[in-house]
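Next up, protein26.cif (mmCIF, C-alpha atoms):
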data_protein
#
loop_
_atom_site.label_atom_id
_atom_site.label_comp_id
_atom_site.auth_asym_id
_atom_site.auth_seq_id
_atom_site.Cartn_x
_atom_site.Cartn_y
_atom_site.Cartn_z
CA MET A 55 0.00 0.00 0.00
CA THR A 56 1.39 3.39 -0.94
CA HIS A 57 1.95 5.87 1.91
CA ARG A 58 0.80 9.41 1.13
CA PRO A 59 2.58 12.01 3.31
CA ASP A 60 0.40 14.76 4.77
CA THR A 61 2.31 17.29 2.65
CA LEU A 62 0.86 15.64 -0.46
CA LYS A 63 -2.76 15.41 0.66
CA HIS A 64 -4.01 17.91 -1.93
CA ALA A 65 -1.25 17.49 -4.52
CA PRO A 66 -2.20 16.64 -8.13
CA LEU A 67 0.32 13.78 -8.23
CA GLY A 68 -1.46 10.44 -8.32
CA ARG A 69 -4.78 12.05 -9.33
CA GLU A 70 -6.43 12.45 -12.70
CA SER A 71 -5.96 15.95 -14.05
CA VAL A 72 -7.37 18.09 -16.83
CA TYR A 73 -4.49 19.54 -18.80
CA PRO A 74 -4.72 23.34 -19.03
CA GLU A 75 -5.39 25.18 -22.26
CA HIS A 76 -4.07 28.57 -21.13
CA TYR A 77 -1.33 29.96 -18.90
CA ASP A 78 -2.11 29.37 -15.21
CA PRO A 79 0.50 29.96 -12.47
CA THR A 80 -1.92 28.79 -9.76
CA LEU A 81 -1.27 25.21 -10.88
CA LEU A 82 2.07 25.16 -9.05
CA PHE A 83 1.88 23.16 -5.79
CA PRO A 84 4.59 24.05 -3.25
CA ILE A 85 5.57 21.60 -0.50
CA ALA A 86 7.42 22.67 2.65
CA ARG A 87 10.88 21.07 2.80
CA SER A 88 10.87 21.13 6.61
CA ALA A 89 8.45 18.20 6.97
CA ASN A 90 10.82 15.73 5.32
CA ARG A 91 13.98 17.30 6.73
CA ALA A 92 12.92 16.98 10.36
CA PRO A 93 13.26 13.15 10.50
CA LEU A 94 16.87 13.55 9.30
CA GLY A 95 17.64 16.03 12.07
CA ILE A 96 18.04 18.88 9.56
CA ASP A 97 17.15 22.32 10.89
CA ASN A 98 15.65 24.41 8.10
CA ALA A 99 16.99 27.56 9.77
CA ASP A 100 20.56 26.23 9.98
CA LEU A 101 21.21 23.95 7.00
CA PRO A 102 24.34 21.74 7.16
CA PHE A 103 24.83 22.06 3.40
CA VAL A 104 24.63 24.30 0.36
CA GLY A 105 22.93 23.11 -2.81
CA GLU A 106 20.34 23.37 -5.52
CA ASP A 107 17.62 21.33 -7.16
CA GLU A 108 18.31 21.44 -10.89
CA TRP A 109 15.31 20.60 -13.07
CA HIS A 110 15.14 20.24 -16.84
CA ALA A 111 11.95 20.46 -18.89
CA PHE A 112 12.19 18.71 -22.26
CA GLU A 113 8.61 19.50 -23.33
CA MET A 114 8.77 23.29 -23.13
CA SER A 115 6.71 25.11 -25.77
CA TRP A 116 4.76 28.32 -26.30
CA LEU A 117 3.44 30.47 -29.16
CA ASP A 118 5.10 33.57 -30.57
CA GLU A 119 3.05 36.71 -31.17
CA ARG A 120 1.93 35.41 -34.58
CA GLY A 121 0.83 32.05 -33.20
CA LYS A 122 3.79 29.94 -34.36
CA PRO A 123 4.97 27.32 -31.83
CA ILE A 124 8.41 27.69 -30.23
CA VAL A 125 10.11 24.73 -28.55
CA ALA A 126 13.04 24.72 -26.15
CA VAL A 127 14.61 22.89 -23.23
CA ALA A 128 14.38 24.74 -19.93
CA ARG A 129 16.66 24.48 -16.90
CA PHE A 130 15.53 25.59 -13.45
CA ARG A 131 17.71 25.91 -10.36
CA LEU A 132 15.96 26.10 -6.99
CA PRO A 133 18.22 26.94 -4.04
CA ALA A 134 18.22 24.40 -1.20
CA THR A 135 17.59 27.36 1.12
CA SER A 136 14.13 27.95 -0.39
CA PRO A 137 11.42 26.93 2.11
CA ASN A 138 9.49 24.94 -0.51
CA LEU A 139 10.09 22.43 -3.24
CA ILE A 140 7.52 22.17 -6.05
CA GLU A 141 5.57 18.99 -6.67
CA SER A 142 6.49 17.54 -10.07
CA LYS A 143 3.07 16.93 -11.61
CA SER A 144 1.90 20.42 -10.74
CA TRP A 145 5.08 21.70 -12.41
CA LYS A 146 4.29 19.71 -15.56
CA LEU A 147 0.71 21.01 -15.62
CA TYR A 148 1.99 24.56 -15.18
CA LEU A 149 4.48 24.22 -18.04
CA ASN A 150 1.79 22.74 -20.27
CA SER A 151 -0.27 25.88 -19.66
CA PHE A 152 2.29 27.71 -21.82
CA ASN A 153 1.54 25.55 -24.87
CA GLN A 154 -1.25 27.74 -26.29
CA THR A 155 -0.13 31.01 -24.74
CA ARG A 156 1.49 33.80 -26.80
CA PHE A 157 4.65 35.53 -25.61
CA ALA A 158 6.55 38.43 -27.18
CA ASP A 159 9.95 36.71 -27.04
CA TRP A 160 12.21 34.34 -25.08
CA ASN A 161 12.88 37.00 -22.43
CA ALA A 162 9.16 37.27 -21.71
CA VAL A 163 9.00 33.51 -21.17
CA LEU A 164 12.11 33.55 -18.96
CA GLY A 165 10.73 36.38 -16.85
CA THR A 166 7.36 34.70 -16.40
CA LEU A 167 8.91 31.37 -15.42
CA ALA A 168 11.33 32.95 -12.95
CA GLU A 169 8.62 35.06 -11.29
CA ASP A 170 6.09 32.23 -10.90
CA LEU A 171 8.56 29.56 -9.76
CA SER A 172 10.31 31.89 -7.32
CA ALA A 173 6.96 32.75 -5.76
CA ALA A 174 6.06 29.08 -5.34
CA ALA A 175 9.48 28.06 -4.00
CA GLY A 176 9.76 31.06 -1.69
CA GLY A 177 13.24 31.83 -3.04
CA GLY A 178 14.89 33.02 -6.22
CA VAL A 179 14.75 30.42 -9.02
CA GLU A 180 17.27 30.70 -11.86
CA VAL A 181 15.85 29.90 -15.32
CA SER A 182 17.66 29.19 -18.60
CA LEU A 183 16.31 28.22 -22.03
CA PHE A 184 18.25 26.14 -24.56
CA ASP A 185 17.71 25.72 -28.29
CA LEU A 186 17.25 22.05 -29.19
CA ASP A 187 20.48 22.07 -31.24
CA ASP A 188 22.55 23.50 -28.37
CA ASP A 189 25.71 21.43 -27.81
CA ALA A 190 25.11 21.70 -24.05
CA LEU A 191 22.28 19.17 -24.44
CA MET A 192 24.59 16.40 -25.65
CA PRO A 193 24.88 13.61 -23.05
CA ARG A 194 28.00 13.52 -20.90
CA LYS A 195 29.64 11.18 -18.39
CA LEU A 196 30.04 11.72 -14.68
CA PRO A 197 33.64 12.37 -13.56
CA GLY A 198 35.46 9.88 -11.36
CA GLU A 199 35.30 6.10 -10.94
CA CYS A 200 32.17 3.97 -11.30
CA ILE A 201 31.75 1.44 -8.46
CA ASP A 202 28.98 -0.60 -10.11
CA GLY A 203 31.33 -3.39 -11.23
CA LEU A 204 32.14 -4.45 -7.66
CA ASP A 205 31.14 -8.06 -6.94
CA VAL A 206 29.08 -7.63 -3.78
CA GLU A 207 26.27 -9.51 -2.06
CA ILE A 208 23.33 -7.27 -1.19
CA SER A 209 20.39 -7.86 1.15
CA ASP A 210 19.45 -4.36 2.37
CA TYR A 211 16.85 -2.48 0.32
CA SER A 212 15.94 0.22 2.83
CA PRO A 213 18.43 2.97 3.74
CA ASN A 214 21.08 1.59 6.08
CA SER A 215 23.82 4.01 7.10
CA GLY A 216 25.56 1.20 8.98
CA LEU A 217 26.84 -0.02 5.61
CA LEU A 218 29.06 3.07 5.33
CA MET A 219 32.62 2.49 6.57
CA ALA A 220 35.90 4.36 6.14
CA SER A 221 39.59 3.80 6.88
CA GLU A 222 42.06 6.23 8.46
CA GLU A 223 43.69 6.96 5.08
CA ILE A 224 42.86 10.47 3.83
CA VAL A 225 41.97 10.66 0.14
CA GLU A 226 40.34 12.99 -2.36
CA GLU A 227 38.23 11.19 -4.98
CA SER A 228 35.02 11.10 -6.98
CA LEU A 229 32.93 7.92 -7.04
CA TYR A 230 29.66 7.31 -8.82
CA SER A 231 26.98 4.67 -9.31
CA HIS A 232 24.14 4.25 -11.78
CA LEU A 233 22.33 1.84 -9.41
CA LEU A 234 20.43 4.45 -7.43
CA LYS A 235 16.69 3.79 -7.30
CA SER A 236 14.06 5.18 -4.98
CA ASN A 237 10.28 5.30 -5.27
CA CYS A 238 7.74 8.08 -5.61
CA PRO A 239 6.22 8.84 -2.16
CA VAL A 240 2.72 9.01 -3.68
CA THR A 241 2.42 6.56 -6.58
CA GLY A 242 5.20 4.14 -5.63
CA GLN A 243 6.57 4.34 -9.18
CA PRO A 244 10.33 3.77 -9.49
CA ASP A 245 12.66 6.74 -9.77
CA TRP A 246 15.90 5.68 -11.49
CA GLY A 247 19.07 7.71 -11.12
CA SER A 248 22.82 8.04 -10.91
CA VAL A 249 24.65 9.42 -7.89
CA LEU A 250 28.05 11.12 -7.67
CA ILE A 251 29.95 11.36 -4.39
CA ARG A 252 32.97 13.65 -4.39
CA TYR A 253 34.85 14.08 -1.13
CA ARG A 254 38.09 14.68 0.73
CA GLY A 255 38.50 12.75 3.96
CA PRO A 256 38.76 9.22 5.35
CA LYS A 257 38.71 6.72 2.48
CA ILE A 258 35.23 5.27 2.02
CA ASP A 259 34.91 1.50 1.70
CA ARG A 260 33.62 1.12 -1.84
CA GLU A 261 31.75 -2.14 -1.35
CA GLY A 262 29.94 -0.68 1.64
CA LEU A 263 29.17 2.46 -0.35
CA LEU A 264 27.66 0.46 -3.21
CA ARG A 265 25.53 -1.55 -0.77
CA TYR A 266 24.41 1.71 0.80
CA VAL A 267 23.40 3.26 -2.55
CA VAL A 268 21.38 0.14 -3.41
CA SER A 269 19.73 0.22 0.03
CA PHE A 270 17.51 3.07 -1.22
CA ARG A 271 15.90 0.68 -3.71
CA GLN A 272 12.58 0.37 -1.83
CA HIS A 273 12.68 3.74 -0.12
CA GLN A 274 9.82 6.18 -0.81
CA ASP A 275 10.82 9.84 -0.80
CA PHE A 276 11.34 12.89 -2.95
CA HIS A 277 14.54 13.03 -5.01
CA GLU A 278 15.69 16.09 -3.08
CA HIS A 279 15.37 14.43 0.29
CA CYS A 280 17.07 11.22 -0.86
CA VAL A 281 20.13 13.35 -1.66
CA GLU A 282 19.91 15.09 1.71
CA HIS A 283 19.58 11.68 3.37
CA ILE A 284 22.76 10.46 1.65
CA PHE A 285 24.61 13.67 2.51
CA THR A 286 23.72 13.56 6.22
CA ASP A 287 24.56 9.84 6.49
CA LEU A 288 27.99 10.33 4.88
CA MET A 289 28.77 13.32 7.09
CA ALA A 290 27.79 11.38 10.22
CA ARG A 291 29.53 8.10 9.36
CA VAL A 292 32.60 9.21 7.37
CA ARG A 293 33.10 12.82 8.60
CA PRO A 294 34.78 14.09 5.43
CA GLU A 295 36.46 17.47 5.30
CA ARG A 296 34.62 18.25 2.05
CA LEU A 297 31.66 16.50 0.47
CA LEU A 298 29.44 16.80 -2.59
CA VAL A 299 26.48 14.51 -3.27
CA MET A 300 24.69 14.90 -6.60
CA ALA A 301 21.95 12.66 -8.01
CA ARG A 302 20.77 12.84 -11.59
CA TYR A 303 17.40 11.16 -11.97
CA MET A 304 15.84 10.00 -15.22
CA ARG A 305 13.10 12.18 -16.65
CA ARG A 306 9.43 11.40 -16.19
CA GLY A 307 6.70 13.26 -18.06
CA GLY A 308 9.32 15.42 -19.77
CA LEU A 309 10.93 16.51 -16.47
CA ASP A 310 14.09 15.39 -14.74
CA ILE A 311 15.67 16.52 -11.51
CA SER A 312 19.29 16.59 -10.40
CA PRO A 313 19.57 17.73 -6.78
CA TRP A 314 22.97 18.33 -5.22
CA ARG A 315 24.09 19.09 -1.67
CA GLY A 316 27.59 19.95 -0.53
CA THR A 317 29.71 21.42 2.20
CA PRO A 318 30.22 25.20 1.88
CA GLY A 319 32.32 26.08 -1.17
CA GLU A 320 31.42 22.97 -3.17
CA ARG A 321 29.92 23.21 -6.66
CA PRO A 322 28.87 20.30 -8.87
CA PRO A 323 30.33 19.40 -12.28
CA GLU A 324 28.24 20.59 -15.23
CA PRO A 325 27.02 17.63 -17.26
CA LEU A 326 23.73 19.17 -18.35
CA ARG A 327 22.37 15.67 -18.81
CA LEU A 328 23.48 12.04 -18.75
CA ALA A 329 22.60 9.41 -21.36
CA ARG A 330 19.44 8.34 -19.48
CA GLN A 331 18.13 11.86 -18.93
#
Written as structure tokens, how would this file's structure read?
Amino acid sequence: MTHRPDTLKHAPLGRESVYPEHYDPTLLFPIARSANRAPLGIDNADLPFVGEDEWHAFEMSWLDERGKPIVAVARFRLPATSPNLIESKSWKLYLNSFNQTRFADWNAVLGTLAEDLSAAAGGGVEVSLFDLDDDALMPRKLPGECIDGLDVEISDYSPNSGLLMASEEIVEESLYSHLLKSNCPVTGQPDWGSVLIRYRGPKIDREGLLRYVVSFRQHQDFHEHCVEHIFTDLMARVRPERLLVMARYMRRGGLDISPWRGTPGERPPEPLRLARQ
């Protein structure tokens, strides 16, 4: 049976919806981050990380002033300090409300998106639009070493921080896995992703790390809070000097999300999308 958090009681996700014919910013459904941060011991007023939620919309379209359709790919960056995230289906419905709406130019679209999304998130949202032939949209690889080839036995499919171990050796490295999977907190549908862990500190046991990543396989939560969960577990168990955790989830309904959280001063690499996004 799927558990529906109280924060999603009135959300459009998991419900039948009528797709809008005209621009409607009221479709956006904000959700307070604090409700899902509290169980992790994260104080919204004193965050232990910096970060952003980076969204891409691959079904972005509107009409020019003469009624001709324009298509683009949009990127949105919500700061982790914003009090709200935005529920994904409401975001899709909102973007679809642009489909039959006329705008003077790209700047008018950018301004409208930034204003509406910032209001819903409660913090400034950065918006970019890309032409479909832009080289930035070509798939890229994550930097570092992939740990997916390790021959490990796995039996934990719910988050288990006890799997994380580290030696006394101090290293600086980037490790990644494509085996991240969590589940939608409303529908239970699988959310497939890749996760990058870049750190300086005690050397993480790679087999334990891979088991830990896989342990999210039956976990139900938002993408953003899965990344915060991983970040807080690594900080508590490994105590690195520097840490970056970035997940890049596959798109659903034309939207993907790539949240990242890091210690102050960290910034993620810039693969705009991976092969599965």
Query raised in the report: Which residue out of A:Ser115, A:Gln274, A:Ser172, A:Ser88 has the minimum interatomic distance to Phe130 (chain A) when all atoms listed in the file are used?
Result: A:Ser172
Requested in this report: To one decimal in Å, tell me the separation between CA of Gly216 (chain A) and CA of Ala92 (chain A).
Outcome: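 Atom-to-atom, CA of Gly216 (chain A) and CA of Ala92 (chain A) are spaced 20.3 Å apart.
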Query - Non-local contacts of Pro313 (chain A) (10 Å; all atoms listed in the file; under 3 positions in same chain excluded) as an MDAnalysis selection string - result: chainID A and resid 105:109 131:134 249 277:282 299:303 310 322
Under the rule of at most 10 Å, produce a per-residue listing of region 110-177 of chain A near region 181-186 of chain A: chain, number, name, the closest pair of atoms, and the distance in Å, as CSV, using all atoms listed in the file.
residue,atom,partner,partner_atom,distance
A:His110,CA,A:Ser182,CA,9.5
A:Ala111,CA,A:Leu183,CA,9.4
A:Phe112,CA,A:Leu186,CA,9.2
A:Met114,CA,A:Leu183,CA,9.1
A:Ile124,CA,A:Asp185,CA,9.7
A:Val125,CA,A:Leu186,CA,7.7
A:Ala126,CA,A:Asp185,CA,5.2
A:Val127,CA,A:Phe184,CA,5.1
A:Ala128,CA,A:Leu183,CA,4.5
A:Arg129,CA,A:Ser182,CA,5.1
A:Phe130,CA,A:Val181,CA,4.7
A:Arg131,CA,A:Val181,CA,6.6
A:Leu132,CA,A:Val181,CA,9.2
A:Trp160,CA,A:Leu183,CA,8.0
A:Asn161,CA,A:Leu183,CA,9.4
A:Val163,CA,A:Leu183,CA,9.1
A:Leu164,CA,A:Val181,CA,6.4
A:Gly165,CA,A:Val181,CA,8.4
A:Thr166,CA,A:Val181,CA,9.8
A:Leu167,CA,A:Val181,CA,7.1
A:Ala168,CA,A:Val181,CA,5.9
A:Glu169,CA,A:Val181,CA,9.8
A:Leu171,CA,A:Val181,CA,9.2
A:Ser172,CA,A:Val181,CA,9.9
**Report entry** Hits from the PyMOL selection byres ((chain A and resi 150) around 9), listed as an MDAnalysis selection string
**Finding:** chainID A and resid 73:77 113:116 145:149 151:154
Report task. On this file, the PyMOL selection byres ((chain A and resi 328) around 9) gives some set of residues; write that set as a ChimeraX atom specification. Result -> /A:192-196,248,302,304,325-327,329-331
Requested in this report: Translate the PyMOL selection byres ((chain A and resi 173) around 12), as applied to the file shown, into an explicit residue set as a list of chain:residue names.
Outcome: A:Pro79, A:Thr80, A:Leu82, A:Phe83, A:Pro84, A:Leu132, A:Ser136, A:Pro137, A:Asn138, A:Leu139, A:Ile140, A:Thr166, A:Leu167, A:Ala168, A:Glu169, A:Asp170, A:Leu171, A:Ser172, A:Ala174, A:Ala175, A:Gly176, A:Gly177, A:Gly178, A:Val179
Requested in this report: State, in Å with one decimal place, the distance from CA of Gly316 (chain A) to CA of Met289 (chain A).
Outcome: 10.2 Å
Query raised in the report: When you draw a straight line from CA of Ala158 (chain A) to CA of Leu117 (chain A), how long is it in Å?
Result: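 Between CA of Ala158 (chain A) and CA of Leu117 (chain A) the gap works out to 8.8 Å.
Distance annotation: of A:Phe285, A:Glu324, A:Ala290, A:Gly247, the residue with the minimal separation from Arg91 (chain A) is A:Phe285; atom set is only C-alpha atoms.
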Name all residues at most 7 Å from Asp275 (chain A) (count only C-alpha atoms; drop same-chain ones fewer than 6 positions away) and give them as a JSON list (two decimals) with C-alpha atoms, in the frame of the given file.
[["chain", "number", "residue", "atom", "x", "y", "z"],
["A", 237, "ASN", "CA", 10.28, 5.30, -5.27],
["A", 238, "CYS", "CA", 7.74, 8.08, -5.61],
["A", 239, "PRO", "CA", 6.22, 8.84, -2.16]]
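If you measure from each of A:Phe103, A:Arg87, A:His232, A:Gly307 to Ser144 (chain A) using only C-alpha atoms, the closest one turns out to be A:Gly307.
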Report summary line: One residue among A:Glu222, A:Asp100, A:Asp202, A:Asp118 is nearest to Asp159 (chain A) when using all atoms listed in the file, and that residue is A:Asp118
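Residue nearest Tyr253 (chain A), chosen from A:Leu298, A:Leu81, A:Leu217, A:Leu204 and counting only C-alpha atoms: A:Leu298.
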